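Pasting coords.cif here (mmCIF, C-alpha atoms):
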```cif
data_entry
loop_
_atom_site.label_atom_id
_atom_site.label_comp_id
_atom_site.auth_asym_id
_atom_site.auth_seq_id
_atom_site.Cartn_x
_atom_site.Cartn_y
_atom_site.Cartn_z
CA MET L 1 134.78 74.61 103.95
CA LYS L 2 132.18 74.35 101.17
CA ILE L 3 128.52 75.44 101.42
CA LYS L 4 125.95 73.89 99.12
CA GLY L 5 123.51 76.36 97.60
CA LEU L 6 125.59 79.36 98.65
CA ARG L 7 123.74 81.63 96.19
CA TRP L 8 120.49 81.03 98.10
CA TRP L 9 122.13 82.10 101.35
CA ILE L 10 123.31 85.28 99.66
CA VAL L 11 119.88 86.21 98.25
CA GLY L 12 118.33 85.28 101.62
CA LEU L 13 120.52 87.86 103.33
CA VAL L 14 119.58 90.47 100.71
CA CYS L 15 115.90 89.65 101.33
CA LEU L 16 116.46 90.10 105.08
CA ALA L 17 118.13 93.46 104.43
CA THR L 18 115.01 94.48 102.49
CA VAL L 19 112.78 93.50 105.41
CA ILE L 20 114.90 95.71 107.69
CA ASN L 21 114.80 98.46 105.04
CA TYR L 22 110.99 98.58 105.10
CA ILE L 23 110.77 98.34 108.88
CA ASP L 24 113.12 101.31 109.24
CA ARG L 25 111.31 103.48 106.68
CA SER L 26 107.89 102.63 108.17
CA ALA L 27 108.78 103.58 111.73
CA LEU L 28 108.14 107.32 111.34
CA ALA L 29 104.66 106.90 109.85
CA ILE L 30 103.59 104.28 112.39
CA MET L 31 104.78 106.30 115.39
CA TRP L 32 103.80 109.69 113.94
CA PRO L 33 100.75 110.23 116.21
CA ASP L 34 102.97 110.02 119.29
CA ILE L 35 105.87 111.94 117.71
CA SER L 36 103.66 114.76 116.44
CA LYS L 37 101.98 115.09 119.83
CA ASP L 38 105.30 115.04 121.64
CA LEU L 39 106.96 117.63 119.37
CA GLY L 40 103.91 119.68 118.36
CA MET L 41 104.16 118.82 114.65
CA THR L 42 101.42 118.81 111.99
CA LYS L 43 100.39 116.77 108.95
CA ALA L 44 101.88 119.50 106.78
CA ASP L 45 105.20 118.91 108.53
CA TYR L 46 104.88 115.20 107.81
CA ALA L 47 104.21 115.85 104.11
CA ILE L 48 107.41 117.91 103.88
CA ILE L 49 109.44 115.20 105.61
CA LEU L 50 107.93 112.50 103.35
CA ASN L 51 108.77 114.31 100.11
CA VAL L 52 112.28 115.19 101.30
CA PHE L 53 112.86 111.47 101.89
CA LEU L 54 111.57 110.58 98.42
CA VAL L 55 113.80 113.13 96.68
CA ALA L 56 116.86 111.81 98.54
CA TYR L 57 115.76 108.25 97.81
CA ALA L 58 115.40 109.01 94.09
CA VAL L 59 118.83 110.66 93.86
CA GLY L 60 120.32 107.90 95.99
CA GLN L 61 119.24 105.21 93.52
CA SER L 62 121.51 106.60 90.81
CA LEU L 63 124.37 107.47 93.15
CA SER L 64 124.34 104.07 94.84
CA GLY L 65 124.03 102.27 91.50
CA LYS L 66 127.33 103.83 90.44
CA MET L 67 128.79 103.12 93.89
CA PHE L 68 127.95 99.41 93.69
CA ASP L 69 129.48 99.21 90.22
CA LYS L 70 132.61 100.92 91.56
CA ILE L 71 133.24 99.10 94.86
CA GLY L 72 131.25 95.88 94.40
CA THR L 73 128.22 94.41 96.12
CA ARG L 74 129.97 93.18 99.26
CA LEU L 75 131.29 96.57 100.35
CA GLY L 76 128.41 98.46 98.69
CA PHE L 77 125.81 96.84 100.95
CA VAL L 78 127.96 97.51 104.01
CA VAL L 79 128.11 101.22 103.13
CA SER L 80 124.39 101.48 102.34
CA ILE L 81 123.08 99.67 105.41
CA THR L 82 125.53 101.41 107.73
CA VAL L 83 124.29 104.79 106.49
CA TRP L 84 120.61 103.92 106.78
CA GLY L 85 121.04 102.10 110.11
CA LEU L 86 122.81 105.07 111.71
CA ALA L 87 120.30 107.46 110.11
CA THR L 88 117.43 105.49 111.65
CA ALA L 89 119.05 105.50 115.08
CA ILE L 90 119.69 109.26 115.16
CA HIS L 91 116.00 109.96 114.50
CA ALA L 92 115.83 109.72 118.29
CA PHE L 93 117.51 113.14 118.46
CA ALA L 94 115.13 114.91 116.05
CA ARG L 95 113.32 117.95 117.39
CA GLY L 96 111.38 119.33 114.42
CA VAL L 97 110.93 119.52 110.65
CA VAL L 98 114.53 120.53 109.88
CA SER L 99 116.21 117.81 111.94
CA PHE L 100 113.75 115.11 110.84
CA SER L 101 114.20 116.15 107.20
CA PHE L 102 117.98 115.98 107.50
CA PHE L 103 117.85 112.53 109.05
CA ARG L 104 115.37 111.36 106.37
CA VAL L 105 117.76 112.57 103.67
CA LEU L 106 120.46 110.33 105.15
CA LEU L 107 117.95 107.49 105.43
CA GLY L 108 116.84 107.91 101.81
CA LEU L 109 120.40 108.00 100.47
CA GLY L 110 121.29 104.85 102.41
CA GLU L 111 118.13 102.84 101.77
CA ALA L 112 118.21 103.56 98.04
CA GLY L 113 121.29 101.37 97.64
CA ASN L 114 119.35 98.23 98.52
CA TRP L 115 117.69 98.02 95.09
CA PRO L 116 120.52 98.49 92.57
CA GLY L 117 122.68 96.47 94.96
CA ALA L 118 120.26 93.55 94.87
CA VAL L 119 119.99 93.63 91.07
CA LYS L 120 123.77 93.59 90.77
CA SER L 121 124.13 90.84 93.40
CA ASN L 122 121.59 88.65 91.63
CA ALA L 123 123.37 89.25 88.31
CA GLU L 124 126.57 87.94 89.90
CA TRP L 125 125.13 84.99 91.80
CA PHE L 126 122.37 83.62 89.56
CA PRO L 127 122.29 82.32 86.00
CA VAL L 128 119.81 84.03 83.70
CA LYS L 129 117.19 81.30 84.12
CA GLU L 130 117.05 81.75 87.92
CA ARG L 131 117.54 85.50 88.07
CA ALA L 132 113.91 86.66 88.07
CA PHE L 133 113.05 84.19 90.84
CA ALA L 134 116.00 85.47 92.88
CA GLN L 135 114.72 89.01 92.29
CA GLY L 136 111.30 87.83 93.46
CA ILE L 137 112.80 86.51 96.71
CA PHE L 138 114.52 89.86 97.24
CA ASN L 139 111.35 91.83 96.43
CA SER L 140 109.28 89.72 98.81
CA GLY L 141 111.32 91.33 101.57
CA ALA L 142 109.55 94.64 100.89
CA ALA L 143 106.17 92.98 101.38
CA LEU L 144 107.32 91.02 104.44
CA GLY L 145 108.74 94.21 105.96
CA SER L 146 105.40 95.96 105.39
CA ILE L 147 103.59 93.05 107.06
CA VAL L 148 105.74 92.82 110.18
CA ALA L 149 106.50 96.53 110.67
CA PRO L 150 103.18 97.72 112.20
CA PRO L 151 102.89 95.10 114.99
CA LEU L 152 106.66 94.98 115.66
CA ILE L 153 107.07 98.74 115.93
CA ALA L 154 103.87 99.12 117.96
CA ILE L 155 105.04 96.51 120.49
CA VAL L 156 108.52 98.02 120.84
CA TRP L 157 107.07 101.55 121.04
CA VAL L 158 104.77 100.53 123.92
CA MET L 159 107.75 99.15 125.83
CA ILE L 160 110.44 101.80 125.26
CA GLY L 161 108.89 104.85 123.51
CA TRP L 162 109.54 106.32 120.07
CA LYS L 163 113.07 107.58 120.66
CA MET L 164 114.57 104.29 121.80
CA THR L 165 112.54 102.44 119.17
CA PHE L 166 114.44 104.34 116.47
CA VAL L 167 117.74 103.44 118.14
CA LEU L 168 116.86 99.74 118.38
CA LEU L 169 115.66 99.57 114.77
CA GLY L 170 118.85 101.26 113.58
CA LEU L 171 120.93 98.58 115.29
CA LEU L 172 119.13 95.85 113.32
CA GLY L 173 120.88 96.87 110.11
CA LEU L 174 124.28 97.12 111.76
CA VAL L 175 123.90 93.59 113.14
CA TRP L 176 122.98 92.35 109.64
CA ILE L 177 126.43 93.40 108.39
CA ILE L 178 128.12 90.62 110.40
CA PRO L 179 126.66 87.57 108.56
CA TRP L 180 126.82 89.45 105.24
CA TRP L 181 130.55 90.14 105.62
CA ILE L 182 131.21 86.55 106.65
CA MET L 183 129.11 84.84 103.93
CA ASN L 184 129.71 87.10 100.92
CA LYS L 185 133.48 86.89 100.74
CA ASN L 186 133.82 87.38 96.98
CA VAL L 187 132.14 86.93 93.60
CA PRO L 188 131.23 83.29 92.73
CA SER L 189 134.30 82.71 90.56
CA LYS L 190 136.61 83.56 93.49
CA HIS L 191 134.56 82.56 96.57
CA PRO L 192 136.41 79.99 98.72
CA TRP L 193 133.22 78.37 100.08
CA ILE L 194 131.36 77.73 96.81
CA THR L 195 131.23 74.17 95.49
CA ASP L 196 132.65 73.44 92.04
CA GLU L 197 129.21 72.31 90.86
CA GLU L 198 127.51 75.54 91.95
CA LYS L 199 130.29 77.69 90.49
CA GLU L 200 129.94 75.95 87.13
CA HIS L 201 126.13 76.23 87.32
CA ILE L 202 126.33 79.99 87.91
CA LEU L 203 129.11 80.89 85.49
CA SER L 204 127.77 78.79 82.63
CA GLY L 205 124.44 80.60 82.83
CA LEU L 206 125.68 84.20 82.87
CA ASN L 207 125.50 86.60 79.93
CA ASP L 208 129.29 86.43 79.84
CA SER L 209 130.93 83.51 81.61
CA LYS L 210 134.18 85.44 81.91
CA ASP L 211 134.69 87.47 85.06
CA SER L 212 132.94 90.58 83.79
CA ASP L 213 133.44 92.32 87.11
CA ASP L 214 137.03 92.96 86.01
CA LYS L 215 135.82 94.91 82.96
CA PRO L 216 135.23 98.67 83.14
CA GLY L 217 131.59 99.72 83.15
CA LEU L 218 129.97 101.93 80.55
CA SER L 219 129.44 105.61 81.24
CA MET L 220 125.85 106.74 81.84
CA MET L 221 125.77 108.37 78.41
CA GLN L 222 126.86 105.10 76.82
CA ILE L 223 124.17 103.20 78.70
CA LEU L 224 121.51 105.72 77.66
CA SER L 225 122.65 105.48 74.05
CA LYS L 226 121.31 101.93 74.02
CA ARG L 227 117.62 101.97 73.03
CA GLU L 228 116.91 98.98 75.27
CA SER L 229 117.93 100.93 78.39
CA TRP L 230 114.94 103.20 77.87
CA ALA L 231 112.61 100.22 78.23
CA VAL L 232 113.72 100.01 81.86
CA LEU L 233 113.42 103.76 82.50
CA ALA L 234 110.03 104.26 80.82
CA SER L 235 108.41 101.14 82.30
CA ARG L 236 109.52 102.06 85.82
CA PHE L 237 108.21 105.62 85.36
CA PHE L 238 104.75 104.21 84.69
CA VAL L 239 104.67 101.27 87.07
CA GLU L 240 106.26 102.62 90.30
CA PRO L 241 103.36 104.97 91.26
CA ILE L 242 101.04 101.96 91.51
CA TRP L 243 102.99 100.46 94.42
CA TRP L 244 103.68 103.75 96.15
CA LEU L 245 100.08 104.96 95.89
CA PHE L 246 98.96 102.16 98.18
CA VAL L 247 102.06 102.24 100.38
CA GLY L 248 101.78 105.99 101.01
CA TRP L 249 98.06 106.69 100.75
CA MET L 250 96.10 103.55 101.61
CA PRO L 251 95.91 104.31 105.37
CA ILE L 252 94.59 107.80 104.58
CA TYR L 253 92.13 106.35 102.04
CA LEU L 254 90.80 103.91 104.65
CA ALA L 255 90.32 106.80 107.09
CA ASP L 256 88.74 109.16 104.54
CA VAL L 257 86.43 106.71 102.78
CA TYR L 258 85.56 104.18 105.48
CA GLY L 259 86.14 106.29 108.62
CA PHE L 260 88.79 103.99 110.04
CA ASN L 261 90.71 104.87 113.20
CA VAL L 262 94.37 104.00 113.76
CA LYS L 263 93.58 100.59 115.29
CA GLU L 264 91.32 99.62 112.38
CA ILE L 265 93.89 100.81 109.84
CA GLY L 266 96.53 98.66 111.53
CA PHE L 267 94.18 95.66 111.43
CA PHE L 268 93.52 95.96 107.69
CA ALA L 269 96.57 97.67 106.14
CA TRP L 270 98.92 94.68 106.24
CA VAL L 271 96.63 92.36 104.26
CA PRO L 272 97.48 93.58 100.70
CA TYR L 273 101.16 92.93 101.29
CA VAL L 274 100.49 89.22 101.60
CA GLY L 275 99.40 89.39 97.96
CA ALA L 276 102.55 91.36 97.17
CA ALA L 277 104.80 88.72 98.77
CA LEU L 278 103.11 85.94 96.80
CA GLY L 279 103.41 87.99 93.59
CA SER L 280 107.14 88.50 94.11
CA LEU L 281 107.80 84.78 94.31
CA SER L 282 105.34 83.61 91.67
CA GLY L 283 106.38 86.21 89.07
CA GLY L 284 110.02 85.16 89.32
CA TYR L 285 109.10 81.47 89.37
CA TYR L 286 106.83 81.80 86.33
CA SER L 287 109.52 83.57 84.30
CA GLY L 288 112.11 80.99 85.32
CA GLN L 289 109.83 78.12 84.31
CA LEU L 290 109.30 79.66 80.88
CA LEU L 291 113.07 79.82 80.42
CA ILE L 292 113.52 76.21 81.57
CA LYS L 293 110.88 75.12 79.04
CA GLY L 294 112.83 76.73 76.21
CA ALA L 295 111.54 80.29 75.97
CA SER L 296 114.08 83.00 75.20
CA VAL L 297 114.84 85.67 77.80
CA ASP L 298 112.86 88.12 75.67
CA GLN L 299 109.81 85.85 75.54
CA ALA L 300 109.93 84.95 79.23
CA ARG L 301 110.31 88.53 80.50
CA LYS L 302 107.68 90.01 78.17
CA LYS L 303 105.10 87.29 78.75
CA THR L 304 105.50 87.51 82.52
CA ILE L 305 105.25 91.30 82.48
CA MET L 306 102.16 91.09 80.28
CA VAL L 307 100.43 88.63 82.65
CA GLY L 308 101.21 90.80 85.68
CA CYS L 309 100.02 93.96 83.90
CA VAL L 310 96.68 92.31 83.06
CA ILE L 311 96.26 91.37 86.74
CA MET L 312 97.11 94.92 87.84
CA PHE L 313 94.78 96.54 85.31
CA LEU L 314 91.81 94.35 86.24
CA GLY L 315 92.45 95.01 89.92
CA LEU L 316 92.61 98.76 89.47
CA VAL L 317 89.34 98.71 87.48
CA ALA L 318 87.82 96.69 90.33
CA THR L 319 88.85 99.33 92.90
CA ILE L 320 86.62 101.76 91.00
CA LEU L 321 83.68 99.44 90.33
CA ALA L 322 83.63 97.05 93.29
CA GLY L 323 85.58 98.53 96.24
CA ASP L 324 82.45 99.63 98.10
CA THR L 325 83.43 98.03 101.43
CA ALA L 326 86.72 97.99 103.30
CA VAL L 327 86.98 94.19 103.11
CA LYS L 328 86.46 94.19 99.35
CA PHE L 329 88.88 97.09 98.91
CA VAL L 330 91.83 95.52 100.76
CA ALA L 331 91.21 92.21 98.98
CA ILE L 332 91.28 93.99 95.61
CA VAL L 333 94.45 95.87 96.55
CA ALA L 334 96.07 92.55 97.46
CA PHE L 335 95.21 91.45 93.90
CA VAL L 336 96.72 94.66 92.46
CA LEU L 337 99.92 94.37 94.49
CA TYR L 338 100.21 90.70 93.54
CA GLY L 339 100.22 91.81 89.90
CA PHE L 340 102.67 94.63 90.60
CA GLN L 341 105.24 92.37 92.21
CA PHE L 342 104.69 89.76 89.49
CA VAL L 343 105.78 92.48 87.04
CA ILE L 344 108.43 94.43 88.92
CA SER L 345 110.69 91.46 89.67
CA ASN L 346 111.11 90.96 85.93
CA ILE L 347 111.48 94.66 85.03
CA GLN L 348 114.17 95.02 87.69
CA THR L 349 115.96 92.01 86.21
CA ILE L 350 116.18 93.52 82.70
CA PRO L 351 119.35 95.58 83.44
CA SER L 352 121.20 92.32 84.13
CA ASP L 353 119.71 90.81 80.94
CA LEU L 354 121.04 93.72 78.87
CA PHE L 355 124.40 94.37 80.53
CA SER L 356 126.95 92.62 82.72
CA GLY L 357 129.52 93.59 85.31
CA LYS L 358 129.92 97.24 86.18
CA SER L 359 127.04 98.58 84.08
CA VAL L 360 124.18 96.67 85.73
CA GLY L 361 123.96 98.72 88.93
CA SER L 362 124.13 102.00 87.03
CA LEU L 363 121.07 101.25 84.90
CA ALA L 364 119.19 99.68 87.80
CA GLY L 365 119.85 102.74 89.95
CA LEU L 366 118.81 105.21 87.26
CA GLY L 367 115.61 103.23 86.72
CA GLY L 368 114.83 103.56 90.41
CA THR L 369 115.48 107.29 90.29
CA VAL L 370 113.11 107.79 87.34
CA GLY L 371 110.44 105.70 89.07
CA ILE L 372 110.62 107.63 92.33
CA PHE L 373 110.42 111.02 90.60
CA SER L 374 107.21 109.76 89.00
CA VAL L 375 105.95 108.91 92.49
CA ILE L 376 106.82 112.39 93.76
CA ILE L 377 104.71 113.92 90.97
CA MET L 378 101.84 111.61 91.94
CA ASN L 379 102.15 112.58 95.61
CA PHE L 380 101.62 116.22 94.69
CA LEU L 381 98.57 115.35 92.56
CA VAL L 382 96.78 113.07 95.04
CA PRO L 383 95.77 115.69 97.65
CA VAL L 384 94.83 118.23 94.97
CA ILE L 385 92.65 115.82 92.99
CA THR L 386 91.06 114.09 95.97
CA GLU L 387 90.15 117.39 97.63
CA LYS L 388 88.36 118.63 94.48
CA PHE L 389 86.87 115.32 93.32
CA SER L 390 87.55 111.90 94.85
CA TYR L 391 90.07 109.07 94.69
CA THR L 392 88.46 107.71 91.51
CA PRO L 393 90.47 109.91 89.07
CA ILE L 394 93.68 108.72 90.75
CA PHE L 395 92.71 105.06 90.26
CA VAL L 396 91.81 105.81 86.63
CA MET L 397 95.18 107.53 86.09
CA ILE L 398 97.30 104.69 87.42
CA ALA L 399 95.14 102.13 85.62
CA LEU L 400 96.06 103.89 82.36
CA PHE L 401 99.72 103.71 83.39
CA VAL L 402 99.57 99.90 83.16
CA PRO L 403 99.23 99.61 79.35
CA LEU L 404 101.79 102.41 78.99
CA CYS L 405 104.21 100.33 81.05
CA ILE L 406 103.92 97.26 78.82
CA LEU L 407 103.96 99.35 75.63
CA SER L 408 107.21 101.01 76.70
CA ILE L 409 108.84 97.58 77.10
CA TYR L 410 107.78 96.46 73.63
CA PHE L 411 108.57 99.80 71.96
CA PHE L 412 112.09 100.33 73.31
CA ALA L 413 113.23 96.70 73.66
CA LYS L 414 112.52 94.98 70.38
CA GLU L 415 114.35 92.04 71.91
CA ILE L 416 115.59 91.71 75.48
CA LYS L 417 119.08 90.25 75.11
CA PRO L 418 122.67 91.30 75.94
CA VAL L 419 123.52 94.49 74.08
CA ASP L 420 126.89 95.46 72.64
CA GLN L 421 128.97 96.94 75.47
CA GLU L 422 131.75 98.22 73.30
CA ASP L 423 132.16 101.97 72.74
#
```

Translate this file's structure into structure tokens.
Amino acid sequence: MKIKGLRWWIVGLVCLATVINYIDRSALAIMWPDISKDLGMTKADYAIILNVFLVAYAVGQSLSGKMFDKIGTRLGFVVSITVWGLATAIHAFARGVVSFSFFRVLLGLGEAGNWPGAVKSNAEWFPVKERAFAQGIFNSGAALGSIVAPPLIAIVWVMIGWKMTFVLLGLLGLVWIIPWWIMNKNVPSKHPWITDEEKEHILSGLNDSKDSDDKPGLSMMQILSKRESWAVLASRFFVEPIWWLFVGWMPIYLADVYGFNVKEIGFFAWVPYVGAALGSLSGGYYSGQLLIKGASVDQARKKTIMVGCVIMFLGLVATILAGDTAVKFVAIVAFVLYGFQFVISNIQTIPSDLFSGKSVGSLAGLGGTVGIFSVIIMNFLVPVITEKFSYTPIFVMIALFVPLCILSIYFFAKEIKPVDQED
């Protein structure tokens, strides 16, 4: 049996896993009013649980990156989604801060694998010219998950309550394993269902057409000794807080600034993620088109990142100068998140531009870890700054992060191209 376009089926499944990932992580926040009332918990308890998740998620990015390089993407995704699916389900048995925090640690460790796993999978299944678009498809799953999570979880919660909702959502990931295990039998060079044409198309467009998955990966010290690796780490440190500021704090901003209740927040909060989904696809498509038209990988990645950074910067300035109504604000945030996803799909692709085989996941995972630790720092600053002043200094801070992001790419990566992987 041969399947035409098998690589698109593979990235489609990874996108679906990302949708499930965001639904599972959103469930606690969406059902928190009922959970906190039921268990007598406070906002301070929620803040502790949130930061515990982020720490585990940050550490999990590096650990899972190494895991994917060690055991491969097929088994790596099975391990990750099994851990986070079971962790989601057992939230039903939580009784307070300690138990919720423990379950969120398991959830963070499991969910973290989705990102380095996707980067590594795309490096295996897509030639360089298609890789950023594939990453955009994968990243759109985060936006789609954020769009569907509020109404889906609310409907299920009304029918079966918060405890059984966690159980049902946890089962989603476990069901996903079945088509993944069936479809993703092996790497393209050894997959029995891939057509000869598609195999040649993929292998001829890789950094190294030989089966680099058989080669040993570099150690983390060896990866960090390459100047270009720091372009990934520094850019993600500066860019990640922009996404997470709106993911974590936009509902509270709408309540604080515009006096929204839960129903109104639910009506408005999904809108910016439509912009994010469009940005994921268009950023990858734009980069791919530049490559098709003859641009080098370096030119295509840097130009795309520059365009997205300009969009983000203008949007963040607009939140300060023009976000005087809720409708204007969510429209501007959609513009910002469009720019973010336009950028991040290409930054996340850089590890596979620099390395091949068993080094890609390691750098991708470490980049995620650095980015999330930046977010944790921001999460501590937001309540302190907003209580003393307003949200404006926060918007100014992350707006300044945008040029720092692009400068870090240009400073550390004089040219984005495969680097020497020899000792």

(message) Given the PyMOL selection byres ((chain L and resi 345) around 10) and the file above, list the residues it selects as number ranges by chain.
(response) L: 119, 131-140, 279-284, 287, 301, 304-305, 340-344, 346-350

Excluding same-chain residues fewer than 4 positions from segment 153-155 of chain L, what lies within 10 Å of it counting all atoms listed in the file, as an mmCIF file with C-alpha atoms, keeping the file's coordinate frame?
```
data_model
loop_
_atom_site.group_PDB
_atom_site.id
_atom_site.type_symbol
_atom_site.label_atom_id
_atom_site.label_comp_id
_atom_site.auth_asym_id
_atom_site.auth_seq_id
_atom_site.Cartn_x
_atom_site.Cartn_y
_atom_site.Cartn_z
ATOM 1 C CA ILE L 23 110.770 98.340 108.880
ATOM 2 C CA ASP L 24 113.120 101.310 109.240
ATOM 3 C CA SER L 26 107.890 102.630 108.170
ATOM 4 C CA ALA L 27 108.780 103.580 111.730
ATOM 5 C CA LEU L 28 108.140 107.320 111.340
ATOM 6 C CA ILE L 30 103.590 104.280 112.390
ATOM 7 C CA MET L 31 104.780 106.300 115.390
ATOM 8 C CA VAL L 148 105.740 92.820 110.180
ATOM 9 C CA ALA L 149 106.500 96.530 110.670
ATOM 10 C CA MET L 159 107.750 99.150 125.830
ATOM 11 C CA ILE L 160 110.440 101.800 125.260
ATOM 12 C CA GLY L 161 108.890 104.850 123.510
ATOM 13 C CA TRP L 162 109.540 106.320 120.070
ATOM 14 C CA THR L 165 112.540 102.440 119.170
ATOM 15 C CA PHE L 166 114.440 104.340 116.470
ATOM 16 C CA LEU L 169 115.660 99.570 114.770
ATOM 17 C CA GLY L 266 96.530 98.660 111.530
#
```

Within 12 Å of segment 351-366 of chain L: each segment 241-304 of chain L residue with its shortest pair, all atoms listed in the file, as a tab-separated table:
```
residue	atom	partner	partner_atom	distance
L:Ser296	CA	L:Asp353	CA	11.2
L:Val297	CA	L:Asp353	CA	7.7
L:Asp298	CA	L:Asp353	CA	9.1
L:Ala300	CA	L:Asp353	CA	11.5
L:Arg301	CA	L:Asp353	CA	9.7
```

With C-alpha atoms retained, write the just-selected residues as a PDB file, in the coordinates of the input.
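Writing the result to selection-v8.pdb gives the following:
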```
ATOM      1  CA  SER L 296     114.080  83.000  75.200  1.00  0.00           C
ATOM      2  CA  VAL L 297     114.840  85.670  77.800  1.00  0.00           C
ATOM      3  CA  ASP L 298     112.860  88.120  75.670  1.00  0.00           C
ATOM      4  CA  ALA L 300     109.930  84.950  79.230  1.00  0.00           C
ATOM      5  CA  ARG L 301     110.310  88.530  80.500  1.00  0.00           C
TER       6      ARG L 301
END
```

(message) Taking (110.3, 118.1, 108.5) as a centre in this file's frame and 12 Å as the limit, can you find every polymer residue with an atom that close, using only C-alpha atoms, and give them as number ranges by chain?
(response) L: 28, 32, 35-36, 39-53, 91, 94-105

Tell me which residues the PyMOL selection byres ((chain L and resi 308-322) around 7) grabs here, as a PDB file with C-alpha atoms, in the coordinates of the input.
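And here's expr23.pdb as it stands now:
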```
ATOM      1  CA  THR L 304     105.500  87.510  82.520  1.00  0.00           C
ATOM      2  CA  ILE L 305     105.250  91.300  82.480  1.00  0.00           C
ATOM      3  CA  MET L 306     102.160  91.090  80.280  1.00  0.00           C
ATOM      4  CA  VAL L 307     100.430  88.630  82.650  1.00  0.00           C
ATOM      5  CA  GLY L 323      85.580  98.530  96.240  1.00  0.00           C
ATOM      6  CA  ASP L 324      82.450  99.630  98.100  1.00  0.00           C
ATOM      7  CA  PHE L 329      88.880  97.090  98.910  1.00  0.00           C
ATOM      8  CA  ILE L 332      91.280  93.990  95.610  1.00  0.00           C
ATOM      9  CA  VAL L 333      94.450  95.870  96.550  1.00  0.00           C
ATOM     10  CA  PHE L 335      95.210  91.450  93.900  1.00  0.00           C
ATOM     11  CA  VAL L 336      96.720  94.660  92.460  1.00  0.00           C
ATOM     12  CA  GLY L 339     100.220  91.810  89.900  1.00  0.00           C
ATOM     13  CA  PHE L 340     102.670  94.630  90.600  1.00  0.00           C
ATOM     14  CA  PHE L 342     104.690  89.760  89.490  1.00  0.00           C
ATOM     15  CA  VAL L 343     105.780  92.480  87.040  1.00  0.00           C
ATOM     16  CA  THR L 392      88.460 107.710  91.510  1.00  0.00           C
ATOM     17  CA  PHE L 395      92.710 105.060  90.260  1.00  0.00           C
ATOM     18  CA  ALA L 399      95.140 102.130  85.620  1.00  0.00           C
ATOM     19  CA  VAL L 402      99.570  99.900  83.160  1.00  0.00           C
TER      20      VAL L 402
END
```

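Separating atom CA of Leu54 of chain L from atom CA of Tyr410 of chain L is a distance of 28.8 Å.
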
(message) I'd like to know which of L:Asp69, L:Gly170, L:Glu111, L:Pro192 is closest to Thr88 of chain L, using all atoms listed in the file.
(response)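 Nearest to Thr88 of chain L: L:Gly170.
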
(message) Give me the residues near Ile409 of chain L as number ranges by chain, where near means some atom within 8 Å (using all atoms listed in the file) and where sequence neighbours in that chain fewer than 5 positions away do not count.
(response) L: 231-232, 234-235, 302

(message) Translate the PyMOL selection byres ((chain L and resi 373) around 12) into a concrete residue list for this structure, as an NGL selection string.
(response) :L and (51-62 or 233-234 or 236-241 or 244 or 366-372 or 374-380)

(message) Using only C-alpha atoms, can you tell me which of L:Trp115, L:Lys328, L:Lys37, L:Glu124 comes closest to Lys190 of chain L?
(response) L:Glu124

(request) Select, from L:Val187, L:Ala413, L:Ile202, L:Phe93, the residue with the minimum atom-to-atom distance to Met164 of chain L, counting all atoms listed in the file. (result) L:Phe93

(request) Tell me, in Å to one decimal, how far atom CA of Lys303 of chain L is from atom CA of Leu203 of chain L. (result)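 Atom CA of Leu203 of chain L lies 25.7 Å from atom CA of Lys303 of chain L.
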
How would segment 291-300 of chain L look written as a CSV table (one decimal), in the first residue's frame with N, CA and C atoms?
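Ended up saving to out-v3.csv:
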```csv
chain,number,residue,atom,x,y,z
L,291,LEU,N,12.1,30.7,-0.7
L,291,LEU,CA,13.0,29.7,-1.1
L,291,LEU,C,12.8,29.2,-2.5
L,292,ILE,N,11.5,29.0,-2.9
L,292,ILE,CA,11.2,28.5,-4.2
L,292,ILE,C,11.7,29.5,-5.3
L,293,LYS,N,11.6,30.8,-4.9
L,293,LYS,CA,12.0,31.8,-5.9
L,293,LYS,C,13.5,32.1,-5.9
L,294,GLY,N,14.3,31.3,-5.2
L,294,GLY,CA,15.7,31.3,-5.3
L,294,GLY,C,16.5,31.9,-4.1
L,295,ALA,N,15.7,32.4,-3.1
L,295,ALA,CA,16.4,32.9,-1.9
L,295,ALA,C,17.1,31.8,-1.1
L,296,SER,N,18.2,32.1,-0.5
L,296,SER,CA,18.9,31.1,0.4
L,296,SER,C,18.1,30.9,1.7
L,297,VAL,N,18.4,29.8,2.4
L,297,VAL,CA,17.7,29.6,3.7
L,297,VAL,C,17.9,30.8,4.6
L,298,ASP,N,19.1,31.3,4.6
L,298,ASP,CA,19.4,32.5,5.5
L,298,ASP,C,18.6,33.7,5.1
L,299,GLN,N,18.5,34.0,3.8
L,299,GLN,CA,17.7,35.1,3.4
L,299,GLN,C,16.2,34.9,3.7
L,300,ALA,N,15.7,33.7,3.4
L,300,ALA,CA,14.2,33.5,3.6
L,300,ALA,C,13.9,33.5,5.1
```
